file run_30.cif (mmCIF, C-alpha atoms)
data_final
loop_
_atom_site.label_atom_id
_atom_site.label_comp_id
_atom_site.auth_asym_id
_atom_site.auth_seq_id
_atom_site.Cartn_x
_atom_site.Cartn_y
_atom_site.Cartn_z
CA MET A 1142 79.13 91.41 86.60
CA PRO A 1143 82.01 88.97 87.06
CA ILE A 1144 85.34 90.30 88.28
CA PRO A 1145 87.68 90.66 85.28
CA ARG A 1146 90.48 88.15 85.40
CA ASN A 1147 92.99 90.62 84.05
CA ALA A 1148 92.16 93.43 86.49
CA PRO A 1149 95.37 95.16 87.68
CA THR A 1150 96.27 94.56 91.31
CA ILE A 1151 96.70 97.44 93.72
CA ASP A 1152 100.34 98.08 94.55
CA ARG A 1153 100.49 97.62 98.33
CA ARG A 1154 103.64 99.71 98.52
CA LEU A 1155 101.85 102.66 96.94
CA LEU A 1156 98.92 102.27 99.33
CA ARG A 1157 101.20 102.17 102.38
CA GLU A 1158 103.10 105.22 101.16
CA SER A 1159 99.89 107.11 100.44
CA VAL A 1160 98.48 106.43 103.90
CA TYR A 1161 101.76 107.42 105.54
CA ASN A 1162 101.94 110.65 103.53
CA ARG A 1163 98.34 111.59 104.34
CA LEU A 1164 98.82 111.08 108.07
CA ARG A 1165 102.23 112.79 108.08
CA ASP A 1166 100.83 115.83 106.28
CA ALA A 1167 97.83 116.00 108.60
CA ILE A 1168 100.18 116.13 111.59
CA VAL A 1169 102.51 118.67 110.00
CA ASP A 1170 99.73 121.06 108.97
CA GLY A 1171 97.94 120.75 112.31
CA THR A 1172 94.86 118.87 111.13
CA LEU A 1173 95.83 116.28 113.73
CA ALA A 1174 96.79 118.38 116.75
CA PRO A 1175 99.51 117.70 119.34
CA GLY A 1176 98.20 115.39 122.04
CA GLU A 1177 95.33 114.12 119.90
CA GLN A 1178 94.69 110.40 120.32
CA LEU A 1179 95.00 108.37 117.13
CA ARG A 1180 92.77 105.31 116.82
CA ASP A 1181 93.62 103.11 113.86
CA VAL A 1182 89.97 102.24 113.23
CA ASP A 1183 88.99 105.92 113.06
CA LEU A 1184 91.91 106.78 110.81
CA ALA A 1185 91.16 103.82 108.54
CA THR A 1186 87.56 104.99 108.16
CA TRP A 1187 88.69 108.56 107.45
CA LEU A 1188 91.15 107.44 104.76
CA GLY A 1189 88.93 104.69 103.35
CA VAL A 1190 91.47 101.92 103.85
CA SER A 1191 91.94 98.89 106.08
CA ARG A 1192 93.59 99.16 109.48
CA THR A 1193 96.79 97.39 108.38
CA PRO A 1194 98.37 100.24 106.36
CA VAL A 1195 97.30 102.68 109.06
CA ARG A 1196 99.09 100.65 111.73
CA GLU A 1197 102.19 100.45 109.53
CA ALA A 1198 102.07 104.22 108.98
CA LEU A 1199 101.77 104.89 112.72
CA LEU A 1200 104.88 102.80 113.35
CA ARG A 1201 106.82 104.87 110.79
CA LEU A 1202 105.46 108.10 112.25
CA ALA A 1203 106.64 107.00 115.68
CA GLU A 1204 110.13 106.40 114.30
CA ALA A 1205 110.06 109.91 112.84
CA GLY A 1206 109.04 111.37 116.19
CA LEU A 1207 105.66 112.60 114.96
CA VAL A 1208 103.58 110.31 117.17
CA ALA A 1209 104.09 108.82 120.59
CA ALA A 1210 103.06 105.19 120.87
CA GLN A 1211 102.44 103.45 124.19
CA PRO A 1212 102.09 99.71 123.51
CA GLY A 1213 98.77 98.37 124.68
CA ARG A 1214 97.51 101.83 125.60
CA SER A 1215 97.29 104.66 123.09
CA THR A 1216 98.98 106.49 120.26
CA THR A 1217 98.94 110.28 120.25
CA VAL A 1218 100.34 113.09 118.11
CA SER A 1219 103.65 114.16 119.61
CA SER A 1220 104.07 117.66 120.95
CA LEU A 1221 106.89 119.77 119.57
CA THR A 1222 109.83 119.96 121.95
CA GLU A 1223 112.76 122.31 121.63
CA GLN A 1224 115.29 119.46 121.83
CA GLY A 1225 113.43 117.41 119.25
CA VAL A 1226 113.40 120.31 116.81
CA LEU A 1227 117.08 121.07 117.48
CA ASP A 1228 118.06 117.46 116.83
CA ALA A 1229 116.09 117.35 113.58
CA ARG A 1230 117.42 120.75 112.54
CA ASP A 1231 121.06 119.70 112.89
CA VAL A 1232 120.54 116.53 110.87
CA VAL A 1233 118.56 118.29 108.12
CA ALA A 1234 121.13 121.09 107.90
CA ALA A 1235 123.96 118.57 107.47
CA MET A 1236 122.07 116.72 104.73
CA HIS A 1237 121.38 119.92 102.78
CA GLU A 1238 125.02 120.93 103.05
CA LEU A 1239 126.08 117.58 101.64
CA ALA A 1240 123.49 117.79 98.86
CA LEU A 1241 124.81 121.20 97.78
CA LEU A 1242 128.38 119.93 97.73
CA GLN A 1243 127.28 117.14 95.42
CA ALA A 1244 124.84 119.13 93.28
CA VAL A 1245 126.65 122.39 92.54
CA GLY A 1246 128.50 122.03 89.26
CA ARG A 1247 125.75 119.78 87.94
CA LEU A 1248 122.99 122.38 88.25
CA ARG A 1249 121.70 123.55 84.87
CA GLU A 1250 120.53 127.06 84.08
CA ALA A 1251 116.96 125.76 84.24
CA ASP A 1252 117.61 124.54 87.80
CA ILE A 1253 118.89 127.96 88.87
CA THR A 1254 115.85 129.58 87.26
CA SER A 1255 113.55 127.20 89.17
CA MET A 1256 115.23 128.17 92.43
CA ARG A 1257 114.89 131.89 91.65
CA MET A 1258 111.20 131.49 90.81
CA ALA A 1259 110.58 129.49 93.98
CA ASN A 1260 112.23 132.20 96.08
CA ALA A 1261 110.14 134.89 94.37
CA HIS A 1262 107.02 132.91 95.30
CA PHE A 1263 108.40 132.46 98.82
CA ARG A 1264 109.01 136.18 99.27
CA ALA A 1265 105.53 137.03 97.97
CA ALA A 1266 103.92 134.46 100.27
CA ILE A 1267 105.73 135.89 103.29
CA ALA A 1268 104.59 139.39 102.35
CA ASP A 1269 101.00 138.14 102.05
CA GLY A 1270 101.20 136.21 105.32
CA ASP A 1271 100.39 132.97 103.47
CA VAL A 1272 102.24 130.39 105.55
CA GLU A 1273 101.16 127.37 103.48
CA ALA A 1274 102.35 128.98 100.26
CA ALA A 1275 105.62 129.97 101.92
CA VAL A 1276 106.27 126.41 103.06
CA THR A 1277 105.46 125.05 99.61
CA ALA A 1278 107.76 127.54 97.89
CA ASP A 1279 110.55 126.84 100.39
CA ASP A 1280 110.24 123.11 99.71
CA GLU A 1281 110.35 123.70 95.96
CA LEU A 1282 113.53 125.77 96.23
CA HIS A 1283 115.46 123.32 98.40
CA SER A 1284 114.24 120.26 96.49
CA VAL A 1285 116.13 121.34 93.36
CA PRO A 1286 119.68 120.57 94.60
CA ILE A 1287 118.35 117.50 96.43
CA MET A 1288 117.03 116.08 93.16
CA VAL A 1289 120.19 117.00 91.25
CA ALA A 1290 122.40 115.40 93.92
CA SER A 1291 120.32 112.23 93.50
CA ASN A 1292 121.71 110.68 96.68
CA GLN A 1293 119.27 108.10 98.04
CA ALA A 1294 120.82 108.16 101.52
CA ILE A 1295 120.29 111.92 101.77
CA THR A 1296 116.71 111.58 100.53
CA THR A 1297 115.95 108.85 103.07
CA VAL A 1298 117.33 110.80 106.03
CA LEU A 1299 115.51 113.98 105.00
CA ALA A 1300 112.24 112.07 104.60
CA GLN A 1301 112.49 110.96 108.23
CA PHE A 1302 113.56 114.18 109.92
CA THR A 1303 112.21 117.02 107.75
CA PRO A 1304 108.55 116.58 108.84
CA VAL A 1305 109.45 117.44 112.44
CA LEU A 1306 111.16 120.57 111.21
CA CYS A 1307 108.23 121.46 108.96
CA ARG A 1308 106.00 121.77 112.00
CA ALA A 1309 108.39 124.33 113.47
CA GLU A 1310 108.75 126.05 110.09
CA ARG A 1311 105.09 126.95 110.10
CA LEU A 1312 105.66 128.88 113.31
CA HIS A 1313 108.81 130.51 111.93
CA PHE A 1314 107.20 131.55 108.66
CA SER A 1315 104.47 133.26 110.66
CA SER A 1316 107.06 135.51 112.33
CA VAL A 1317 108.65 138.77 111.19
CA SER A 1318 112.07 137.09 110.98
CA ALA A 1319 110.86 134.96 108.06
CA SER A 1320 111.78 137.65 105.50
CA LEU A 1321 115.44 137.04 106.34
CA SER A 1322 115.11 133.55 104.89
CA ALA A 1323 114.38 134.98 101.45
CA ASP A 1324 117.60 137.01 101.60
CA ARG A 1325 119.59 133.91 102.56
CA HIS A 1326 117.95 132.07 99.67
CA ASP A 1327 119.21 134.78 97.30
CA GLU A 1328 122.74 134.26 98.60
CA LEU A 1329 122.40 130.50 98.20
CA ILE A 1330 121.14 130.77 94.64
CA GLN A 1331 123.93 133.18 93.70
CA ALA A 1332 126.57 130.78 95.04
CA CYS A 1333 124.98 127.96 93.04
CA ALA A 1334 124.92 130.11 89.90
CA GLU A 1335 128.63 130.86 90.36
CA GLY A 1336 129.44 127.19 90.86
CA ASP A 1337 130.84 127.77 94.34
CA ALA A 1338 129.95 124.49 96.04
CA SER A 1339 131.69 125.20 99.34
CA ARG A 1340 130.01 128.57 99.75
CA ALA A 1341 126.61 127.22 98.71
CA ALA A 1342 126.91 124.36 101.21
CA ALA A 1343 127.88 126.77 104.00
CA ILE A 1344 124.93 129.04 103.23
CA ALA A 1345 122.54 126.07 103.12
CA GLY A 1346 123.84 124.98 106.51
CA ARG A 1347 123.15 128.44 107.93
CA VAL A 1348 119.69 128.58 106.35
CA TRP A 1349 118.66 125.44 108.21
CA SER A 1350 120.75 125.63 111.36
CA THR A 1351 119.57 129.16 112.19
CA LEU A 1352 115.89 128.25 111.92
CA PRO A 1353 114.46 129.02 115.39
CA ALA A 1354 113.76 125.85 117.32
CA LEU A 1355 110.45 127.15 118.59
CA ASP A 1356 109.17 130.72 118.27
#

call {"tool": "encode", "arguments": {"input": "run_30.cif", "output": "structure tokens"}}
result
Amino acid sequence: MPIPRNAPTIDRRLLRESVYNRLRDAIVDGTLAPGEQLRDVDLATWLGVSRTPVREALLRLAEAGLVAAQPGRSTTVSSLTEQGVLDARDVVAAMHELALLQAVGRLREADITSMRMANAHFRAAIADGDVEAAVTADDELHSVPIMVASNQAITTVLAQFTPVLCRAERLHFSSVSASLSADRHDELIQACAEGDASRAAAIAGRVWSTLPALD
């Protein structure tokens, strides 16, 4: 069968982003463990793509601190370090504070409801010991003001530094102190509902800045 002349081309940007997201998530959830050597040919086979987007993804992952690349030698999954988590935590906390300052006042009732539902799911996941569900619910809650703020600079910075923090979050959400996060979420949501941007931003800062670096 001849190749159709009007066949749509594959968007290279989407392919690169997909490969990056798959590798990032595999590192964050522990599928690719700290210290594990990453060979582009093996990763390309696993993902069913060429080596080019894999190499590009590894460069981005190195910039985000998720992999350690030694030119001409090897690329490995980075180990979590206390300083690395602290650095990422401070940046992420500042970005969430700024997002709340910009979003509160523009949040609709439906947005507040979404945040309340996400926190209910978060609390239930913590009670069940379901770390993956807790992380997902936490992301859903905090993504609401980020989307409403619609600040591309904030989104870009968070995309780079949040994955490092997500690795630490999985340890935190496995601990008994995790239930305190749900209470802080309630305070945050209430401040948003009351339209108190300064208070909401301060609470968001505490939510992120008090996350233990490494349990």

call {"tool": "residues_around", "arguments": {"input": "run_30.cif", "residues": "segment 1190-1207 of chain A", "least_positions_apart": "2", "cutoff": "6 Å", "atoms": "only C-alpha atoms", "output": "PyMOL selection string"}}
result
chain A and resi 1157+1161+1181+1185+1188+1209+1219+1301

call {"tool": "closest_residue", "arguments": {"input": "run_30.cif", "among": "A:Leu1156, A:Ala1244, A:Leu1227, A:Ala1174", "to": "Asp1337 of chain A", "atoms": "only C-alpha atoms"}}
result
A:Ala1244

call {"tool": "resolve_selection", "arguments": {"input": "run_30.cif", "expression": "the PyMOL selection byres ((chain A and resi 1248) around 12)", "output": "ChimeraX atom specification"}}
result
/A:1240-1247,1249-1256,1285-1291,1330,1332-1338

call {"tool": "closest_residue", "arguments": {"input": "run_30.cif", "among": "A:Met1258, A:Leu1321, A:Val1298, A:Ala1167", "to": "Val1218 of chain A", "atoms": "all atoms listed in the file"}}
result
A:Ala1167

call {"tool": "residues_around", "arguments": {"input": "run_30.cif", "residues": "Ser1350 of chain A", "least_positions_apart": "3", "cutoff": "6 Å", "atoms": "only C-alpha atoms", "output": "PyMOL selection string"}}
result
chain A and resi 1234+1346-1347

call {"tool": "atom_distance", "arguments": {"input": "run_30.cif", "atom1": "atom CA of Gly1225 of chain A", "atom2": "atom CA of Thr1296 of chain A"}}
result
19.9 Å

call {"tool": "closest_residue", "arguments": {"input": "run_30.cif", "among": "A:His1237, A:His1283, A:Arg1340, A:Arg1325", "to": "Ala1259 of chain A", "atoms": "only C-alpha atoms"}}
result
A:His1283

call {"tool": "atom_distance", "arguments": {"input": "run_30.cif", "atom1": "atom CA of Asp1166 of chain A", "atom2": "atom CA of Phe1263 of chain A"}}
result
19.7 Å

call {"tool": "resolve_selection", "arguments": {"input": "run_30.cif", "expression": "the PyMOL selection byres ((chain A and resi 1277) around 12)", "output": "PDB file with C-alpha atoms, in the frame of the given file"}}
result
ATOM      1  CA  ASP A1170      99.730 121.060 108.970  1.00  0.00           C
ATOM      2  CA  ALA A1259     110.580 129.490  93.980  1.00  0.00           C
ATOM      3  CA  ASN A1260     112.230 132.200  96.080  1.00  0.00           C
ATOM      4  CA  HIS A1262     107.020 132.910  95.300  1.00  0.00           C
ATOM      5  CA  PHE A1263     108.400 132.460  98.820  1.00  0.00           C
ATOM      6  CA  ARG A1264     109.010 136.180  99.270  1.00  0.00           C
ATOM      7  CA  ALA A1266     103.920 134.460 100.270  1.00  0.00           C
ATOM      8  CA  ILE A1267     105.730 135.890 103.290  1.00  0.00           C
ATOM      9  CA  ASP A1271     100.390 132.970 103.470  1.00  0.00           C
ATOM     10  CA  VAL A1272     102.240 130.390 105.550  1.00  0.00           C
ATOM     11  CA  GLU A1273     101.160 127.370 103.480  1.00  0.00           C
ATOM     12  CA  ALA A1274     102.350 128.980 100.260  1.00  0.00           C
ATOM     13  CA  ALA A1275     105.620 129.970 101.920  1.00  0.00           C
ATOM     14  CA  VAL A1276     106.270 126.410 103.060  1.00  0.00           C
ATOM     15  CA  ALA A1278     107.760 127.540  97.890  1.00  0.00           C
ATOM     16  CA  ASP A1279     110.550 126.840 100.390  1.00  0.00           C
ATOM     17  CA  ASP A1280     110.240 123.110  99.710  1.00  0.00           C
ATOM     18  CA  GLU A1281     110.350 123.700  95.960  1.00  0.00           C
ATOM     19  CA  LEU A1282     113.530 125.770  96.230  1.00  0.00           C
ATOM     20  CA  HIS A1283     115.460 123.320  98.400  1.00  0.00           C
ATOM     21  CA  SER A1284     114.240 120.260  96.490  1.00  0.00           C
ATOM     22  CA  CYS A1307     108.230 121.460 108.960  1.00  0.00           C
ATOM     23  CA  GLU A1310     108.750 126.050 110.090  1.00  0.00           C
ATOM     24  CA  ARG A1311     105.090 126.950 110.100  1.00  0.00           C
ATOM     25  CA  PHE A1314     107.200 131.550 108.660  1.00  0.00           C
TER      26      PHE A1314
END

call {"tool": "atom_distance", "arguments": {"input": "run_30.cif", "atom1": "atom CA of Glu1328 of chain A", "atom2": "atom CA of Asp1231 of chain A"}}
result
20.5 Å

call {"tool": "closest_residue", "arguments": {"input": "run_30.cif", "among": "A:Arg1214, A:Arg1165, A:Arg1230, A:Arg1180", "to": "Thr1351 of chain A", "atoms": "only C-alpha atoms"}}
result
A:Arg1230

call {"tool": "closest_residue", "arguments": {"input": "run_30.cif", "among": "A:Gln1293, A:Ala1319, A:Pro1304, A:Ala1229", "to": "Asp1269 of chain A", "atoms": "only C-alpha atoms"}}
result
A:Ala1319

call {"tool": "closest_residue", "arguments": {"input": "run_30.cif", "among": "A:Ala1341, A:Val1305, A:Asp1327, A:Ser1320", "to": "Thr1222 of chain A", "atoms": "all atoms listed in the file"}}
result
A:Val1305

call {"tool": "build_atoms", "arguments": {"input": "run_30.cif", "residues": "segment 1191-1225 of chain A", "atoms": "N, CA and C atoms", "output": "short mmCIF file (atom, residue, chain, number, x, y, z; two decimals), keeping the file's coordinate frame"}}
result
data_model
loop_
_atom_site.label_atom_id
_atom_site.label_comp_id
_atom_site.auth_asym_id
_atom_site.auth_seq_id
_atom_site.Cartn_x
_atom_site.Cartn_y
_atom_site.Cartn_z
N SER A 1191 91.99 99.83 104.97
CA SER A 1191 91.94 98.89 106.08
C SER A 1191 92.85 99.38 107.21
N ARG A 1192 92.79 98.72 108.34
CA ARG A 1192 93.59 99.16 109.48
C ARG A 1192 95.07 98.81 109.33
N THR A 1193 95.39 97.83 108.50
CA THR A 1193 96.79 97.39 108.38
C THR A 1193 97.73 98.50 107.90
N PRO A 1194 97.44 99.17 106.77
CA PRO A 1194 98.37 100.24 106.36
C PRO A 1194 98.41 101.41 107.33
N VAL A 1195 97.32 101.61 108.06
CA VAL A 1195 97.30 102.68 109.06
C VAL A 1195 98.25 102.33 110.20
N ARG A 1196 98.20 101.09 110.66
CA ARG A 1196 99.09 100.65 111.73
C ARG A 1196 100.55 100.75 111.29
N GLU A 1197 100.82 100.36 110.05
CA GLU A 1197 102.19 100.45 109.53
C GLU A 1197 102.64 101.91 109.47
N ALA A 1198 101.74 102.80 109.06
CA ALA A 1198 102.07 104.22 108.98
C ALA A 1198 102.35 104.79 110.37
N LEU A 1199 101.57 104.38 111.35
CA LEU A 1199 101.77 104.89 112.72
C LEU A 1199 103.12 104.46 113.27
N LEU A 1200 103.56 103.26 112.92
CA LEU A 1200 104.88 102.80 113.35
C LEU A 1200 105.97 103.68 112.75
N ARG A 1201 105.84 104.01 111.46
CA ARG A 1201 106.82 104.87 110.79
C ARG A 1201 106.77 106.27 111.38
N LEU A 1202 105.60 106.76 111.67
CA LEU A 1202 105.46 108.10 112.25
C LEU A 1202 106.08 108.16 113.64
N ALA A 1203 106.00 107.05 114.36
CA ALA A 1203 106.64 107.00 115.68
C ALA A 1203 108.16 107.06 115.54
N GLU A 1204 108.69 106.37 114.54
CA GLU A 1204 110.13 106.40 114.30
C GLU A 1204 110.60 107.80 113.91
N ALA A 1205 109.73 108.55 113.25
CA ALA A 1205 110.06 109.91 112.84
C ALA A 1205 109.83 110.93 113.95
N GLY A 1206 109.27 110.47 115.07
CA GLY A 1206 109.04 111.37 116.19
C GLY A 1206 107.77 112.19 116.08
N LEU A 1207 106.88 111.83 115.15
CA LEU A 1207 105.66 112.60 114.96
C LEU A 1207 104.51 112.09 115.83
N VAL A 1208 104.58 110.84 116.25
CA VAL A 1208 103.58 110.31 117.17
C VAL A 1208 104.28 109.60 118.31
N ALA A 1209 103.58 109.52 119.42
CA ALA A 1209 104.09 108.82 120.59
C ALA A 1209 103.22 107.60 120.82
N ALA A 1210 103.81 106.43 120.73
CA ALA A 1210 103.06 105.19 120.87
C ALA A 1210 103.37 104.53 122.21
N GLN A 1211 102.31 104.19 122.94
CA GLN A 1211 102.44 103.45 124.19
C GLN A 1211 101.80 102.09 123.98
N PRO A 1212 102.61 101.04 123.81
CA PRO A 1212 102.09 99.71 123.51
C PRO A 1212 100.98 99.28 124.46
N GLY A 1213 99.88 98.84 123.88
CA GLY A 1213 98.77 98.37 124.68
C GLY A 1213 97.91 99.47 125.26
N ARG A 1214 98.29 100.73 125.02
CA ARG A 1214 97.51 101.83 125.60
C ARG A 1214 96.99 102.76 124.52
N SER A 1215 97.79 103.72 124.09
CA SER A 1215 97.29 104.66 123.09
C SER A 1215 98.43 105.22 122.25
N THR A 1216 98.05 105.80 121.14
CA THR A 1216 98.98 106.49 120.26
C THR A 1216 98.48 107.92 120.10
N THR A 1217 99.34 108.88 120.34
CA THR A 1217 98.94 110.28 120.25
C THR A 1217 99.91 111.06 119.38
N VAL A 1218 99.46 112.20 118.87
CA VAL A 1218 100.34 113.09 118.11
C VAL A 1218 101.34 113.71 119.07
N SER A 1219 102.61 113.62 118.73
CA SER A 1219 103.65 114.16 119.61
C SER A 1219 103.57 115.68 119.67
N SER A 1220 103.94 116.22 120.82
CA SER A 1220 104.07 117.66 120.95
C SER A 1220 105.47 118.07 120.50
N LEU A 1221 105.58 119.27 119.95
CA LEU A 1221 106.89 119.77 119.57
C LEU A 1221 107.70 120.08 120.83
N THR A 1222 108.93 119.62 120.85
CA THR A 1222 109.83 119.96 121.95
C THR A 1222 111.04 120.68 121.36
N GLU A 1223 111.62 121.56 122.13
CA GLU A 1223 112.76 122.31 121.63
C GLU A 1223 113.91 121.38 121.27
N GLN A 1224 114.18 120.36 122.11
CA GLN A 1224 115.29 119.46 121.83
C GLN A 1224 115.01 118.62 120.59
N GLY A 1225 113.77 118.20 120.42
CA GLY A 1225 113.43 117.41 119.25
C GLY A 1225 113.62 118.19 117.96
#
